[in-house]
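Q: Structure supplied as my_file-v4.cif; contents: mmCIF, C-alpha atoms and all ligand atoms.
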data_query
#
loop_
_atom_site.label_atom_id
_atom_site.label_comp_id
_atom_site.auth_asym_id
_atom_site.auth_seq_id
_atom_site.Cartn_x
_atom_site.Cartn_y
_atom_site.Cartn_z
CA MET A 1 -40.52 95.93 -47.68
CA ASN A 2 -37.78 93.58 -48.86
CA THR A 3 -36.28 94.16 -52.29
CA PRO A 4 -37.96 91.78 -54.72
CA HIS A 5 -35.71 89.32 -56.54
CA ALA A 6 -34.96 90.33 -60.14
CA SER A 7 -35.82 86.83 -61.35
CA ALA A 8 -36.78 84.39 -58.65
CA HIS A 9 -36.37 80.67 -59.21
CA ILE A 10 -39.25 78.57 -57.97
CA ALA A 11 -38.83 74.81 -57.81
CA LEU A 12 -42.16 73.09 -58.53
CA LEU A 13 -42.85 69.68 -57.01
CA PRO A 14 -46.38 68.74 -58.15
CA GLY A 15 -46.19 65.22 -56.70
CA ASP A 16 -49.12 62.80 -56.68
CA GLY A 17 -52.92 62.66 -56.98
CA ILE A 18 -54.41 66.15 -57.14
CA GLY A 19 -50.94 67.62 -56.53
CA PRO A 20 -50.30 68.41 -60.24
CA GLU A 21 -53.82 69.88 -60.65
CA VAL A 22 -53.56 72.34 -57.75
CA THR A 23 -49.91 73.17 -58.49
CA ALA A 24 -50.81 74.13 -62.08
CA ALA A 25 -53.50 76.42 -60.67
CA ALA A 26 -51.04 78.11 -58.31
CA VAL A 27 -48.47 78.54 -61.10
CA ALA A 28 -51.05 80.13 -63.41
CA CYS A 29 -51.86 82.64 -60.65
CA LEU A 30 -48.18 83.34 -60.00
CA GLU A 31 -47.59 83.95 -63.71
CA ALA A 32 -50.45 86.45 -63.82
CA VAL A 33 -49.23 88.19 -60.65
CA ALA A 34 -45.71 88.46 -62.08
CA GLU A 35 -46.99 89.94 -65.33
CA ILE A 36 -49.23 92.45 -63.58
CA HIS A 37 -46.69 93.48 -60.96
CA GLY A 38 -43.76 93.54 -63.37
CA PHE A 39 -41.36 90.94 -62.07
CA GLN A 40 -39.83 87.74 -63.42
CA LEU A 41 -40.32 84.21 -62.16
CA ARG A 42 -38.46 81.16 -63.41
CA PHE A 43 -39.98 77.73 -62.76
CA SER A 44 -38.37 74.30 -62.86
CA GLU A 45 -40.30 71.08 -62.25
CA HIS A 46 -39.07 68.05 -60.30
CA ALA A 47 -40.30 64.68 -59.12
CA VAL A 48 -41.19 63.95 -55.49
CA GLY A 49 -43.23 61.31 -53.68
CA GLY A 50 -44.89 58.40 -55.45
CA VAL A 51 -44.08 59.57 -58.98
CA ALA A 52 -40.42 59.81 -57.97
CA ILE A 53 -40.51 56.30 -56.48
CA ASP A 54 -41.94 55.02 -59.74
CA ALA A 55 -39.35 56.88 -61.81
CA CYS A 56 -36.22 56.25 -59.79
CA GLY A 57 -36.96 54.23 -56.68
CA THR A 58 -36.62 57.05 -54.18
CA ALA A 59 -39.16 59.62 -52.92
CA LEU A 60 -36.69 62.53 -52.97
CA PRO A 61 -34.24 62.10 -55.86
CA GLU A 62 -30.92 63.90 -55.50
CA THR A 63 -31.70 66.13 -58.52
CA THR A 64 -34.91 67.29 -56.83
CA ARG A 65 -33.17 67.96 -53.53
CA ALA A 66 -30.41 69.93 -55.27
CA ALA A 67 -32.89 72.00 -57.31
CA CYS A 68 -34.83 72.87 -54.14
CA MET A 69 -31.67 73.89 -52.30
CA ALA A 70 -30.67 76.10 -55.26
CA SER A 71 -34.11 77.73 -55.53
CA ASP A 72 -35.56 80.84 -53.91
CA ALA A 73 -38.69 78.90 -52.93
CA VAL A 74 -40.33 75.52 -53.38
CA LEU A 75 -43.99 75.02 -54.26
CA LEU A 76 -45.26 71.51 -53.61
CA GLY A 77 -48.63 69.93 -54.46
CA ALA A 78 -49.10 66.71 -52.49
CA VAL A 79 -47.53 63.30 -52.11
CA GLY A 80 -48.87 59.82 -51.44
CA GLY A 81 -51.69 57.55 -52.52
CA PRO A 82 -52.98 53.99 -52.30
CA LYS A 83 -50.46 52.72 -54.86
CA TRP A 84 -47.64 53.34 -52.39
CA SER A 85 -49.45 52.89 -49.07
CA ASP A 86 -48.81 49.22 -48.31
CA PRO A 87 -47.65 49.20 -44.65
CA ARG A 88 -44.85 46.85 -45.70
CA ALA A 89 -43.59 49.04 -48.57
CA PRO A 90 -39.84 49.67 -48.25
CA VAL A 91 -40.08 53.27 -49.54
CA ARG A 92 -42.95 55.68 -49.03
CA PRO A 93 -43.87 58.96 -50.78
CA GLU A 94 -44.20 60.77 -47.45
CA GLN A 95 -40.51 60.08 -46.71
CA GLY A 96 -39.64 62.39 -49.61
CA LEU A 97 -41.59 65.26 -48.08
CA LEU A 98 -40.09 64.74 -44.63
CA ALA A 99 -36.57 64.51 -46.07
CA LEU A 100 -37.14 67.74 -48.00
CA ARG A 101 -38.41 69.58 -44.90
CA ALA A 102 -35.32 68.39 -43.01
CA ALA A 103 -32.89 69.25 -45.84
CA MET A 104 -34.33 72.75 -46.16
CA GLY A 105 -34.29 73.23 -42.38
CA VAL A 106 -37.84 74.58 -42.45
CA TYR A 107 -38.70 74.09 -38.80
CA ALA A 108 -41.63 76.52 -38.56
CA ASN A 109 -44.78 75.58 -40.48
CA LEU A 110 -47.24 78.48 -40.62
CA ARG A 111 -50.85 77.49 -41.26
CA PRO A 112 -53.21 80.48 -41.25
CA VAL A 113 -56.96 79.92 -40.88
CA GLN A 114 -59.69 82.39 -41.78
CA VAL A 115 -63.28 81.56 -42.58
CA HIS A 116 -64.65 82.77 -45.89
CA PRO A 117 -68.40 83.49 -45.58
CA ARG A 118 -69.14 81.27 -48.59
CA ALA A 119 -67.33 78.34 -46.96
CA ALA A 120 -68.89 78.89 -43.54
CA GLN A 121 -72.01 76.90 -44.39
CA PHE A 122 -69.79 73.83 -44.86
CA SER A 123 -68.30 74.23 -41.43
CA PRO A 124 -69.67 71.87 -38.79
CA LEU A 125 -69.81 74.89 -36.46
CA ARG A 126 -72.69 77.32 -36.14
CA PRO A 127 -72.14 80.73 -37.83
CA GLU A 128 -71.94 82.63 -34.53
CA LYS A 129 -68.98 80.47 -33.47
CA LEU A 130 -67.13 81.37 -36.67
CA ARG A 131 -67.34 85.12 -36.28
CA ASN A 132 -63.84 86.65 -35.92
CA VAL A 133 -62.00 83.36 -36.34
CA ASP A 134 -58.46 84.31 -37.38
CA LEU A 135 -55.86 81.73 -36.38
CA LEU A 136 -52.23 81.22 -37.16
CA PHE A 137 -50.88 77.78 -36.32
CA VAL A 138 -47.13 77.53 -36.00
CA ARG A 139 -46.35 73.84 -36.19
CA GLU A 140 -42.85 72.58 -35.40
CA LEU A 141 -41.90 70.71 -38.58
CA THR A 142 -38.48 69.09 -38.40
CA GLY A 143 -38.44 67.32 -35.05
CA GLY A 144 -40.43 65.18 -32.63
CA ILE A 145 -41.90 61.78 -33.31
CA TYR A 146 -41.76 62.28 -37.10
CA PHE A 147 -37.98 62.20 -37.06
CA GLY A 148 -37.14 60.03 -34.02
CA SER A 149 -35.68 56.57 -34.51
CA LYS A 150 -38.17 53.87 -35.40
CA THR A 151 -38.09 50.16 -34.71
CA ARG A 152 -40.18 47.28 -35.90
CA ASP A 153 -39.94 43.55 -35.30
CA ALA A 154 -42.39 40.70 -35.25
CA ALA A 155 -43.46 41.49 -31.69
CA GLY A 156 -43.96 45.25 -31.90
CA ALA A 157 -42.85 48.69 -33.05
CA SER A 158 -41.69 52.03 -31.60
CA ASP A 159 -41.38 55.69 -32.61
CA LEU A 160 -39.15 57.90 -30.51
CA CYS A 161 -40.30 61.45 -29.73
CA SER A 162 -37.41 63.68 -28.77
CA TYR A 163 -36.85 67.44 -28.76
CA SER A 164 -33.86 69.56 -27.88
CA VAL A 165 -34.30 72.85 -26.02
CA ALA A 166 -32.92 74.66 -29.08
CA GLU A 167 -35.53 73.09 -31.38
CA ILE A 168 -38.37 74.08 -29.05
CA GLU A 169 -37.01 77.55 -28.45
CA ARG A 170 -36.60 78.56 -32.10
CA VAL A 171 -40.12 77.64 -33.13
CA LEU A 172 -41.64 79.28 -30.06
CA ARG A 173 -39.64 82.45 -30.75
CA ARG A 174 -41.06 82.44 -34.28
CA GLY A 175 -44.53 82.17 -32.74
CA PHE A 176 -43.88 85.07 -30.36
CA ALA A 177 -42.55 87.24 -33.20
CA LEU A 178 -45.65 86.50 -35.29
CA ALA A 179 -47.95 87.16 -32.33
CA ARG A 180 -46.39 90.63 -32.06
CA GLN A 181 -47.49 91.33 -35.64
CA ARG A 182 -51.04 90.19 -34.82
CA ARG A 183 -53.26 90.29 -31.71
CA ARG A 184 -50.43 89.50 -29.28
CA LYS A 185 -51.91 86.26 -27.98
CA LEU A 186 -50.00 82.98 -28.03
CA THR A 187 -51.34 79.58 -27.08
CA SER A 188 -48.69 76.95 -26.50
CA VAL A 189 -50.03 73.42 -26.95
CA ASP A 190 -48.53 70.40 -25.22
CA LYS A 191 -49.31 67.19 -23.35
CA ALA A 192 -47.31 68.14 -20.27
CA ASN A 193 -49.43 65.95 -18.00
CA VAL A 194 -48.04 62.85 -19.73
CA MET A 195 -45.05 63.48 -22.02
CA GLU A 196 -41.55 64.47 -20.98
CA THR A 197 -40.96 66.33 -24.27
CA SER A 198 -44.11 68.32 -23.50
CA ARG A 199 -42.86 69.21 -20.00
CA LEU A 200 -39.68 70.53 -21.60
CA TRP A 201 -41.85 72.36 -24.15
CA ARG A 202 -43.98 74.00 -21.42
CA GLU A 203 -40.97 74.96 -19.32
CA THR A 204 -39.34 76.56 -22.36
CA ALA A 205 -42.53 78.41 -23.28
CA GLN A 206 -42.84 79.71 -19.71
CA ARG A 207 -39.23 80.89 -19.71
CA LEU A 208 -39.56 82.67 -23.06
CA ALA A 209 -42.86 84.28 -22.06
CA ALA A 210 -40.92 86.48 -19.64
CA GLU A 211 -39.02 87.91 -22.62
CA TYR A 212 -42.26 88.83 -24.40
CA PRO A 213 -44.28 90.59 -21.67
CA ASP A 214 -46.43 92.29 -24.32
CA VAL A 215 -47.68 88.90 -25.57
CA GLN A 216 -50.44 87.20 -23.60
CA VAL A 217 -49.44 83.54 -23.20
CA GLU A 218 -51.55 80.55 -22.27
CA HIS A 219 -50.78 76.83 -22.15
CA GLN A 220 -53.30 74.23 -23.27
CA LEU A 221 -53.15 70.46 -23.21
CA VAL A 222 -53.64 69.11 -26.72
CA ASP A 223 -56.76 67.07 -25.97
CA SER A 224 -58.46 70.08 -24.42
CA MET A 225 -57.20 72.25 -27.30
CA ALA A 226 -58.94 69.97 -29.81
CA MET A 227 -62.15 70.64 -27.90
CA LEU A 228 -61.59 74.40 -27.46
CA LEU A 229 -61.05 74.84 -31.22
CA LEU A 230 -64.63 73.64 -31.63
CA THR A 231 -66.19 75.51 -28.70
CA ARG A 232 -64.48 78.91 -28.93
CA PRO A 233 -62.21 79.14 -32.00
CA ALA A 234 -62.41 82.96 -32.16
CA ASP A 235 -60.57 83.27 -28.84
CA PHE A 236 -57.22 82.13 -30.25
CA ASP A 237 -54.58 83.98 -32.24
CA VAL A 238 -51.18 82.28 -32.66
CA ILE A 239 -51.14 78.60 -31.69
CA VAL A 240 -47.72 76.93 -31.40
CA SER A 241 -47.29 73.19 -31.10
CA GLU A 242 -44.96 70.31 -31.69
CA ASN A 243 -45.04 68.45 -35.00
CA LEU A 244 -47.66 65.71 -34.58
CA PHE A 245 -50.12 67.79 -32.53
CA GLY A 246 -49.93 70.54 -35.17
CA ASP A 247 -50.62 68.07 -37.98
CA ILE A 248 -53.78 66.84 -36.30
CA LEU A 249 -55.12 70.18 -35.04
CA THR A 250 -54.76 71.85 -38.44
CA ASP A 251 -56.88 69.27 -40.27
CA GLU A 252 -59.50 69.96 -37.57
CA ALA A 253 -59.09 73.70 -38.17
CA ALA A 254 -59.51 73.18 -41.93
CA ALA A 255 -62.81 71.42 -41.32
CA ILE A 256 -63.86 74.36 -39.14
CA ALA A 257 -63.04 76.68 -42.07
CA GLY A 258 -65.28 74.60 -44.36
CA SER A 259 -62.90 72.40 -46.36
CA LEU A 260 -59.48 70.81 -46.19
CA GLY A 261 -58.90 72.23 -49.68
CA LEU A 262 -58.74 75.80 -48.37
CA LEU A 263 -55.74 75.91 -46.08
CA PRO A 264 -52.27 76.99 -47.23
CA SER A 265 -48.96 76.62 -45.48
CA ALA A 266 -45.52 78.19 -45.42
CA SER A 267 -42.59 76.24 -44.00
CA LEU A 268 -39.76 78.51 -42.98
CA GLY A 269 -36.30 78.23 -41.53
CA ASP A 270 -33.89 81.00 -40.65
CA GLY A 271 -33.40 82.31 -44.21
CA PRO A 272 -35.85 83.49 -46.88
CA ARG A 273 -36.03 80.16 -48.74
CA GLY A 274 -39.27 78.37 -47.88
CA LEU A 275 -41.40 75.39 -48.79
CA TYR A 276 -45.01 76.15 -49.66
CA GLU A 277 -47.81 73.60 -49.86
CA PRO A 278 -51.51 73.30 -49.22
CA ILE A 279 -52.13 71.33 -46.03
CA HIS A 280 -54.28 68.71 -47.76
CA GLY A 281 -53.01 65.47 -49.24
CA SER A 282 -53.19 63.88 -52.68
CA ALA A 283 -56.97 63.26 -52.39
CA PRO A 284 -56.91 60.01 -54.42
CA ASP A 285 -60.72 59.86 -54.31
CA ILE A 286 -61.04 62.92 -56.59
CA ALA A 287 -57.68 62.95 -58.44
CA GLY A 288 -57.73 63.43 -62.22
CA ARG A 289 -61.31 64.73 -62.31
CA GLY A 290 -60.52 68.44 -62.47
CA ILE A 291 -62.58 69.21 -59.36
CA ALA A 292 -59.91 69.66 -56.67
CA ASN A 293 -60.15 72.92 -54.79
CA PRO A 294 -57.01 74.90 -55.70
CA ALA A 295 -57.59 77.55 -53.01
CA GLY A 296 -55.07 76.10 -50.54
CA ALA A 297 -52.40 75.89 -53.24
CA ILE A 298 -53.14 79.40 -54.56
CA ALA A 299 -53.03 80.83 -51.04
CA SER A 300 -49.74 78.98 -50.52
CA ALA A 301 -48.38 80.78 -53.60
CA ALA A 302 -49.38 84.07 -51.96
CA LEU A 303 -47.45 83.08 -48.84
CA LEU A 304 -44.47 82.30 -51.09
CA LEU A 305 -44.60 85.80 -52.55
CA ARG A 306 -44.75 87.31 -49.06
CA HIS A 307 -42.26 85.22 -47.12
CA SER A 308 -39.64 84.17 -49.68
CA LEU A 309 -39.76 86.94 -52.30
CA GLY A 310 -40.67 89.92 -50.12
CA MET A 311 -43.48 90.85 -52.52
CA GLN A 312 -46.03 91.98 -49.94
CA VAL A 313 -48.27 93.91 -52.33
CA ALA A 314 -48.41 91.09 -54.87
CA ALA A 315 -49.14 88.59 -52.09
CA GLY A 316 -52.03 90.70 -50.81
CA ALA A 317 -53.37 91.14 -54.34
CA LEU A 318 -53.43 87.38 -54.90
CA GLU A 319 -55.13 86.76 -51.55
CA SER A 320 -57.82 89.31 -52.23
CA ALA A 321 -58.37 88.00 -55.79
CA LEU A 322 -58.92 84.51 -54.33
CA TRP A 323 -61.28 85.91 -51.69
CA LEU A 324 -63.29 87.77 -54.39
CA ALA A 325 -63.50 84.70 -56.63
CA LEU A 326 -65.00 82.73 -53.73
CA ASP A 327 -67.26 85.72 -52.92
CA GLU A 328 -68.82 85.60 -56.34
CA GLY A 329 -69.58 81.92 -55.86
CA VAL A 330 -67.02 80.20 -58.07
CA LEU A 331 -66.95 77.16 -55.80
CA THR A 332 -65.62 73.63 -56.23
CA PRO A 333 -67.74 70.63 -55.14
CA ASP A 334 -66.13 70.40 -51.67
CA LEU A 335 -67.84 73.76 -51.04
CA GLY A 336 -71.12 72.73 -52.64
CA GLY A 337 -70.33 74.30 -56.02
CA HIS A 338 -70.22 72.84 -59.51
CA HIS A 339 -67.09 74.64 -60.71
CA GLY A 340 -63.81 72.91 -61.48
CA THR A 341 -60.21 73.65 -60.55
CA VAL A 342 -59.59 75.61 -63.76
CA ALA A 343 -62.78 77.70 -63.42
CA LEU A 344 -61.82 78.89 -59.94
CA THR A 345 -58.25 79.56 -61.09
CA ASP A 346 -59.50 81.60 -64.06
CA ALA A 347 -61.80 83.57 -61.77
CA VAL A 348 -58.88 84.39 -59.47
CA ILE A 349 -56.79 85.53 -62.45
CA GLY A 350 -59.73 87.60 -63.72
CA HIS A 351 -59.89 89.40 -60.35
CA LEU A 352 -56.13 89.97 -60.41
CA TRP A 353 -56.45 91.76 -63.75
CA SER A 354 -59.52 93.78 -62.80
CA GLN A 355 -57.88 94.87 -59.52
CA SER A 356 -54.85 96.02 -61.50
CA ALA A 357 -57.10 97.93 -63.94
CA VAL A 358 -58.69 99.69 -60.94
CA ASP A 359 -55.24 100.45 -59.51
CA THR A 360 -54.10 101.86 -62.86
CA ALA A 361 -57.24 104.00 -63.14
CA VAL A 362 -56.64 105.37 -59.65
CA VAL A 363 -53.03 106.24 -60.53
CA ALA A 364 -54.16 107.85 -63.82
CA ARG A 365 -56.74 109.97 -61.96
CA ALA A 366 -54.26 111.07 -59.29
P1 LIG B 401 -56.35 64.02 -48.17
O1 LIG B 401 -56.06 65.37 -47.61
O2 LIG B 401 -55.66 63.66 -49.41
O3 LIG B 401 -57.93 63.88 -48.40
C1 LIG B 401 -58.88 63.88 -47.34
C2 LIG B 401 -60.27 64.25 -47.93
O4 LIG B 401 -60.28 65.62 -48.26
C3 LIG B 401 -60.62 63.49 -49.20
O5 LIG B 401 -61.99 63.19 -49.22
C4 LIG B 401 -60.27 64.48 -50.30
O6 LIG B 401 -61.02 64.31 -51.47
C5 LIG B 401 -60.57 65.81 -49.62
N1 LIG B 401 -59.69 66.86 -50.16
C6 LIG B 401 -58.37 67.05 -49.86
N2 LIG B 401 -57.88 68.06 -50.55
C7 LIG B 401 -58.88 68.54 -51.30
C8 LIG B 401 -59.00 69.59 -52.25
N3 LIG B 401 -57.95 70.39 -52.55
N4 LIG B 401 -60.19 69.80 -52.86
C9 LIG B 401 -61.25 69.04 -52.56
N5 LIG B 401 -61.22 68.03 -51.67
C10 LIG B 401 -60.04 67.79 -51.06
O7 LIG B 401 -56.02 62.99 -47.01
P2 LIG B 401 -55.92 61.39 -47.06
O8 LIG B 401 -56.95 60.86 -47.98
O9 LIG B 401 -55.91 60.97 -45.65
O10 LIG B 401 -54.49 61.10 -47.65
C11 LIG B 401 -54.23 60.74 -49.00
C12 LIG B 401 -52.73 60.68 -49.22
O11 LIG B 401 -52.20 62.00 -49.12
C13 LIG B 401 -51.96 59.84 -48.18
O12 LIG B 401 -50.99 59.10 -48.87
C14 LIG B 401 -51.30 60.89 -47.28
O13 LIG B 401 -50.10 60.45 -46.72
C15 LIG B 401 -51.08 61.99 -48.24
N6 LIG B 401 -50.98 63.33 -47.63
C16 LIG B 401 -50.05 64.15 -48.18
C17 LIG B 401 -49.93 65.46 -47.72
C18 LIG B 401 -48.92 66.34 -48.35
O14 LIG B 401 -48.39 66.01 -49.40
N7 LIG B 401 -48.59 67.48 -47.77
C19 LIG B 401 -50.78 65.91 -46.71
C20 LIG B 401 -51.73 65.02 -46.18
C21 LIG B 401 -51.83 63.73 -46.65
C1 LIG B 402 -49.11 67.39 -43.78
C2 LIG B 402 -49.14 65.91 -44.11
C3 LIG B 402 -47.75 65.31 -43.88
C4 LIG B 402 -47.44 65.43 -42.40
C5 LIG B 402 -47.58 63.85 -44.35
C6 LIG B 402 -47.95 63.67 -45.77
C7 LIG B 402 -46.16 63.39 -44.11
O1 LIG B 402 -50.13 65.26 -43.38
O2 LIG B 402 -48.29 68.11 -44.37
O3 LIG B 402 -49.92 67.84 -42.98
O4 LIG B 402 -47.88 64.60 -41.59
O5 LIG B 402 -46.71 66.37 -42.05
MN MN B 403 -51.46 66.62 -42.31
#
For the structure just supplied, provide its representation as structure tokens.
A:
Amino acid sequence: MNTPHASAHIALLPGDGIGPEVTAAAVACLEAVAEIHGFQLRFSEHAVGGVAIDACGTALPETTRAACMASDAVLLGAVGGPKWSDPRAPVRPEQGLLALRAAMGVYANLRPVQVHPRAAQFSPLRPEKLRNVDLLFVRELTGGIYFGSKTRDAAGASDLCSYSVAEIERVLRRGFALARQRRRKLTSVDKANVMETSRLWRETAQRLAAEYPDVQVEHQLVDSMAMLLLTRPADFDVIVSENLFGDILTDEAAAIAGSLGLLPSASLGDGPRGLYEPIHGSAPDIAGRGIANPAGAIASAALLLRHSLGMQVAAGALESALWLALDEGVLTPDLGGHHGTVALTDAVIGHLWSQSAVDTAVVARA
């Protein structure tokens, strides 16, 4: 286990819509975890996205960027919303998020998917299809069509998709390393029958596969992969893809798990500093009503503890407290429940404390 930081600095970027609501939930859980597990966390809050555009005309103010670069980890809520979505708007909230991902160099976006039994009834898939679903998407996050040059004139528009070998190789290597810690299966997703970047991607994946003979590798075209996720999701383990394909497939995977509100993510580069955010957006349709599902944000906080702070035990404790809170039926409306964001958060914190009481009792008995 890594040595935990004495006092880790977490930069909070609540952002827009339900972002502040789910970020507050994740922070409350982190504060409880820190108290129970006896470590210090220091939080600082900064503007990003639409609120930053409103405040200072840019989606990633320099003060926010600097605070993130000086932090041990960044926890982000969501950015965007109808107020800033005019296709002709000169600045967009989403640019702030993309600029932050690029500045932090977090090229590997981990999006784990498990299906909680309580959420399964909201999945469009039959229960037997959901048995043993345990996926880890590794989405390339700082390249491809998201970052290629863009043009627009009266007659048309273009987005360039380009990848270097080095960019493809590093994210695939991350996928292979993660597969070795799991079931040793890696699915590389591409569109090699059409796209040149995908042919380079497949060639690179094939070359690297020889270095990881203990990992079973398969290649899937993205259109077929979208179908296979629905027909046999339990067959996959680590799924690695370029940026845009990963964005689309993970919203599909969230629906399979029962709700977009459930999925967390960890965006990692070569060092310990990471960016953590639920995969959902600002959900303008439910913002400000106290009913957003905080599970994705809380699970993102657990990933932060594990990947940036090296607090494996605390991360596991938070994940199991969340699982238990859902078990006992403290569900938000997206999962058919009548509980609010705060009720689920309080239930998670309650389970954190009762787990720690059990742990203490076990130690006292020993
Ligand atoms: P969205 O993810 O915000 O919402 C899609 C649907 O899922 C909505 O019906 C919403 O109510 C529901 N939903 C999402 N999160 C939920 C939660 N935690 N609990 C309960 N229900 C939840 O996607 P959208 O509506 O297409 O996008 C809205 C805005 O968010 C856009 O501006 C988009 O660019 C932005 N966005 C931001 C991020 C991010 O910040 N990482 C991710 C995706 C979309
Ligand atoms: C996500 C979001 C972002 C993306 C948007 C908001 C830029 O959809 O994190 O999945 O496309 O990466
Ligand atoms: Mn997305």
Q: Would you please work out which residue, of A:Ile168, A:Leu249, A:Ala234, A:Met225, is nearest to A:Leu208 when using only C-alpha atoms?
A: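 Smallest distance to A:Leu208 is found for A:Ile168.
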Q: Using all atoms listed in the file, I'd like a table of the residues in chain A that come within 7 Å of ligand LIG 401 (chain B); for each, show the closest atom pair and its distance in Å rounded to one decimal, ordered by chain and ascending number, as JSON lines.
A:
{"residue": "A:Gly77", "atom": "CA", "partner": "B:LIG401", "partner_atom": "O14", "distance": 6.4}
{"residue": "A:Ala78", "atom": "CA", "partner": "B:LIG401", "partner_atom": "O14", "distance": 3.2}
{"residue": "A:Val79", "atom": "CA", "partner": "B:LIG401", "partner_atom": "O14", "distance": 3.9}
{"residue": "A:Gly80", "atom": "CA", "partner": "B:LIG401", "partner_atom": "O12", "distance": 3.4}
{"residue": "A:Gly81", "atom": "CA", "partner": "B:LIG401", "partner_atom": "O12", "distance": 4.0}
{"residue": "A:Pro82", "atom": "CA", "partner": "B:LIG401", "partner_atom": "O12", "distance": 6.5}
{"residue": "A:Ser85", "atom": "CA", "partner": "B:LIG401", "partner_atom": "O12", "distance": 6.4}
{"residue": "A:Glu94", "atom": "CA", "partner": "B:LIG401", "partner_atom": "O13", "distance": 6.0}
{"residue": "A:Leu97", "atom": "CA", "partner": "B:LIG401", "partner_atom": "O14", "distance": 7.0}
{"residue": "A:Leu260", "atom": "CA", "partner": "B:LIG401", "partner_atom": "C6", "distance": 5.4}
{"residue": "A:Gly261", "atom": "CA", "partner": "B:LIG401", "partner_atom": "N3", "distance": 3.5}
{"residue": "A:Leu262", "atom": "CA", "partner": "B:LIG401", "partner_atom": "N3", "distance": 6.9}
{"residue": "A:Glu277", "atom": "CA", "partner": "B:LIG401", "partner_atom": "N7", "distance": 6.5}
{"residue": "A:Pro278", "atom": "CA", "partner": "B:LIG401", "partner_atom": "N7", "distance": 6.7}
{"residue": "A:Ile279", "atom": "CA", "partner": "B:LIG401", "partner_atom": "N7", "distance": 5.5}
{"residue": "A:His280", "atom": "CA", "partner": "B:LIG401", "partner_atom": "O1", "distance": 3.8}
{"residue": "A:Gly281", "atom": "CA", "partner": "B:LIG401", "partner_atom": "O2", "distance": 3.2}
{"residue": "A:Ser282", "atom": "CA", "partner": "B:LIG401", "partner_atom": "O2", "distance": 4.1}
{"residue": "A:Ala283", "atom": "CA", "partner": "B:LIG401", "partner_atom": "O2", "distance": 3.3}
{"residue": "A:Pro284", "atom": "CA", "partner": "B:LIG401", "partner_atom": "C11", "distance": 6.1}
{"residue": "A:Asp285", "atom": "CA", "partner": "B:LIG401", "partner_atom": "O6", "distance": 5.3}
{"residue": "A:Ile286", "atom": "CA", "partner": "B:LIG401", "partner_atom": "O6", "distance": 5.3}
{"residue": "A:Ile291", "atom": "CA", "partner": "B:LIG401", "partner_atom": "C9", "distance": 6.9}
{"residue": "A:Ala292", "atom": "CA", "partner": "B:LIG401", "partner_atom": "N4", "distance": 3.8}
{"residue": "A:Asn293", "atom": "CA", "partner": "B:LIG401", "partner_atom": "N4", "distance": 3.7}
{"residue": "A:Pro294", "atom": "CA", "partner": "B:LIG401", "partner_atom": "N3", "distance": 5.6}
{"residue": "A:Gly296", "atom": "CA", "partner": "B:LIG401", "partner_atom": "N3", "distance": 6.7}
{"residue": "A:Asp334", "atom": "CA", "partner": "B:LIG401", "partner_atom": "C9", "distance": 5.1}
Q: Go ahead and write the residues just picked, C-alpha atoms, as a PDB file, keeping the file's coordinate frame.
A:
ATOM      1  CA  GLY A  77     -48.630  69.930 -54.460  1.00  0.00           C
ATOM      2  CA  ALA A  78     -49.100  66.710 -52.490  1.00  0.00           C
ATOM      3  CA  VAL A  79     -47.530  63.300 -52.110  1.00  0.00           C
ATOM      4  CA  GLY A  80     -48.870  59.820 -51.440  1.00  0.00           C
ATOM      5  CA  GLY A  81     -51.690  57.550 -52.520  1.00  0.00           C
ATOM      6  CA  PRO A  82     -52.980  53.990 -52.300  1.00  0.00           C
ATOM      7  CA  SER A  85     -49.450  52.890 -49.070  1.00  0.00           C
ATOM      8  CA  GLU A  94     -44.200  60.770 -47.450  1.00  0.00           C
ATOM      9  CA  LEU A  97     -41.590  65.260 -48.080  1.00  0.00           C
ATOM     10  CA  LEU A 260     -59.480  70.810 -46.190  1.00  0.00           C
ATOM     11  CA  GLY A 261     -58.900  72.230 -49.680  1.00  0.00           C
ATOM     12  CA  LEU A 262     -58.740  75.800 -48.370  1.00  0.00           C
ATOM     13  CA  GLU A 277     -47.810  73.600 -49.860  1.00  0.00           C
ATOM     14  CA  PRO A 278     -51.510  73.300 -49.220  1.00  0.00           C
ATOM     15  CA  ILE A 279     -52.130  71.330 -46.030  1.00  0.00           C
ATOM     16  CA  HIS A 280     -54.280  68.710 -47.760  1.00  0.00           C
ATOM     17  CA  GLY A 281     -53.010  65.470 -49.240  1.00  0.00           C
ATOM     18  CA  SER A 282     -53.190  63.880 -52.680  1.00  0.00           C
ATOM     19  CA  ALA A 283     -56.970  63.260 -52.390  1.00  0.00           C
ATOM     20  CA  PRO A 284     -56.910  60.010 -54.420  1.00  0.00           C
ATOM     21  CA  ASP A 285     -60.720  59.860 -54.310  1.00  0.00           C
ATOM     22  CA  ILE A 286     -61.040  62.920 -56.590  1.00  0.00           C
ATOM     23  CA  ILE A 291     -62.580  69.210 -59.360  1.00  0.00           C
ATOM     24  CA  ALA A 292     -59.910  69.660 -56.670  1.00  0.00           C
ATOM     25  CA  ASN A 293     -60.150  72.920 -54.790  1.00  0.00           C
ATOM     26  CA  PRO A 294     -57.010  74.900 -55.700  1.00  0.00           C
ATOM     27  CA  GLY A 296     -55.070  76.100 -50.540  1.00  0.00           C
ATOM     28  CA  ASP A 334     -66.130  70.400 -51.670  1.00  0.00           C
TER      29      ASP A 334
END
Q: Of the candidates A:Ser188, A:Thr332, A:Thr345, A:Asn243, which one gets nearest to ligand MN 403 (chain B) if we count all atoms listed in the file?
A: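 The shortest atom-to-atom distance to ligand MN 403 (chain B) comes from A:Asn243.
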